[in-house]
Amino acid sequence: MRQAVFYEQDADTGQPIPIWLMIENTEALDWDSTLYIRLDAPFEQYLFNDSDMESMALSVPDHVYVRNMEDPSVFGIHLPALRAYVRRIAAMADQPFSLQDLSRLMLRISDIEDTLQFEVRSRVQWDQLSY
């Protein structure tokens, strides 16, 4: 499973601002458990032109995030709730799809901050020297 952060440039300062945490290669996830993610910076920068644009991505809804009370730098995605969400939207989609069709999860940095109840952006700042 690959983790990388997609950045946009701040219009005022020109500095990169983390917007999305991308989780790729999700085919082997255990959908009966919670996926815990540690926010260890610096993250690799995610570039859209490096990804397969034909692969299916899902923006993770905020109601599936969980906090890890023992470690404030760890949060989780409750995969059973995400699976139920995917099944609901797949049932309404023009083109049917399943969990196995997903290869990328897109997590909003602002949703992660809301879950953890602190500002995450400073923890995932892009280190231009590491890329």
# chains A, B, ... in the order shown; residues from 1 in each chain; ligands from 1

call {"tool": "closest_atom_pairs", "arguments": {"of": "range 8-72 of chain A", "to": "range 84-102 of chain A", "cutoff": "12 Å", "atoms": "only C-alpha atoms", "output": "Markdown table"}}
result
| residue | atom | partner | partner_atom | distance |
| --- | --- | --- | --- | --- |
| A:Ile23 | CA | A:Leu102 | CA | 10.8 |
| A:Glu24 | CA | A:Leu102 | CA | 9.2 |
| A:Asn25 | CA | A:Leu102 | CA | 8.6 |
| A:Thr26 | CA | A:Leu102 | CA | 7.0 |
| A:Glu27 | CA | A:Gln100 | CA | 6.3 |
| A:Ala28 | CA | A:Gln100 | CA | 9.1 |
| A:Leu29 | CA | A:Gln100 | CA | 9.8 |
| A:Asp30 | CA | A:Leu99 | CA | 11.0 |
| A:Trp31 | CA | A:Leu99 | CA | 9.0 |
| A:Asp32 | CA | A:Ala84 | CA | 11.0 |
| A:Glu54 | CA | A:Leu102 | CA | 10.7 |
| A:Ser55 | CA | A:Leu102 | CA | 7.2 |
| A:Met56 | CA | A:Leu102 | CA | 5.0 |
| A:Ala57 | CA | A:Leu102 | CA | 5.8 |
| A:Leu58 | CA | A:Leu102 | CA | 7.1 |
| A:Ser59 | CA | A:Val86 | CA | 10.3 |
| A:Val60 | CA | A:Tyr85 | CA | 9.2 |
| A:Pro61 | CA | A:Tyr85 | CA | 8.4 |
| A:Asp62 | CA | A:Tyr85 | CA | 11.1 |
| A:His63 | CA | A:Tyr85 | CA | 9.7 |
| A:Val64 | CA | A:Tyr85 | CA | 9.0 |

call {"tool": "select_by_dssp", "arguments": {"residues": "chain A", "states": "strand (DSSP E or B)", "output": "PyMOL selection string"}}
result
chain A and resi 2-9+16-24+34-38+44-45+56-59+65-67+74-78+102-108

call {"tool": "write_last_selection", "arguments": {"atoms": "C-alpha atoms", "output": "mmCIF file, in the first residue's frame"}}
result
data_model
loop_
_atom_site.group_PDB
_atom_site.id
_atom_site.type_symbol
_atom_site.label_atom_id
_atom_site.label_comp_id
_atom_site.auth_asym_id
_atom_site.auth_seq_id
_atom_site.Cartn_x
_atom_site.Cartn_y
_atom_site.Cartn_z
ATOM 1 C CA ARG A 2 1.466 3.324 -1.083
ATOM 2 C CA GLN A 3 0.812 6.583 0.792
ATOM 3 C CA ALA A 4 1.459 9.954 -0.794
ATOM 4 C CA VAL A 5 0.169 13.498 -0.382
ATOM 5 C CA PHE A 6 -1.295 15.676 -3.130
ATOM 6 C CA TYR A 7 -0.402 19.340 -2.693
ATOM 7 C CA GLU A 8 -1.771 22.561 -4.154
ATOM 8 C CA GLN A 9 0.058 25.846 -4.145
ATOM 9 C CA PRO A 16 2.636 23.793 -1.211
ATOM 10 C CA ILE A 17 -0.415 22.993 0.940
ATOM 11 C CA PRO A 18 -1.373 19.354 1.570
ATOM 12 C CA ILE A 19 -4.913 18.686 0.335
ATOM 13 C CA TRP A 20 -5.324 14.899 -0.091
ATOM 14 C CA LEU A 21 -3.653 11.854 1.404
ATOM 15 C CA MET A 22 -3.719 9.206 -1.302
ATOM 16 C CA ILE A 23 -3.691 5.525 -0.439
ATOM 17 C CA GLU A 24 -2.912 3.386 -3.480
ATOM 18 C CA THR A 34 -10.029 -0.839 10.655
ATOM 19 C CA LEU A 35 -7.115 0.424 8.597
ATOM 20 C CA TYR A 36 -4.817 2.476 10.842
ATOM 21 C CA ILE A 37 -2.576 5.099 9.279
ATOM 22 C CA ARG A 38 0.332 6.831 10.970
ATOM 23 C CA GLU A 44 6.056 11.303 -0.857
ATOM 24 C CA GLN A 45 4.465 13.888 -3.136
ATOM 25 C CA MET A 56 -11.020 3.823 -9.823
ATOM 26 C CA ALA A 57 -10.562 6.161 -6.869
ATOM 27 C CA LEU A 58 -12.873 6.834 -3.956
ATOM 28 C CA SER A 59 -13.047 9.948 -1.822
ATOM 29 C CA TYR A 65 -12.735 8.019 10.198
ATOM 30 C CA VAL A 66 -11.859 6.953 13.747
ATOM 31 C CA ARG A 67 -9.384 8.242 16.306
ATOM 32 C CA VAL A 74 -2.581 7.616 14.210
ATOM 33 C CA PHE A 75 -6.085 7.598 12.782
ATOM 34 C CA GLY A 76 -8.185 4.868 11.268
ATOM 35 C CA ILE A 77 -10.637 4.202 8.503
ATOM 36 C CA HIS A 78 -13.380 1.841 9.627
ATOM 37 C CA LEU A 102 -11.145 0.381 -6.237
ATOM 38 C CA SER A 103 -7.417 0.913 -6.366
ATOM 39 C CA ARG A 104 -7.050 4.309 -4.677
ATOM 40 C CA LEU A 105 -8.543 5.958 -1.609
ATOM 41 C CA MET A 106 -8.486 9.733 -1.370
ATOM 42 C CA LEU A 107 -8.527 11.134 2.178
ATOM 43 C CA ARG A 108 -9.107 14.875 2.678
#

call {"tool": "select_by_dssp", "arguments": {"residues": "chain A", "states": "helix (DSSP H, G or I)", "output": "ChimeraX atom specification"}}
result
/A:26-28,48-50,62-64,79-92,99-101,109-116,121-124,128-130

call {"tool": "atom_distance", "arguments": {"atom1": "CA of Asp114 in chain A", "atom2": "CA of Ala11 in chain A"}}
result
23.5 Å
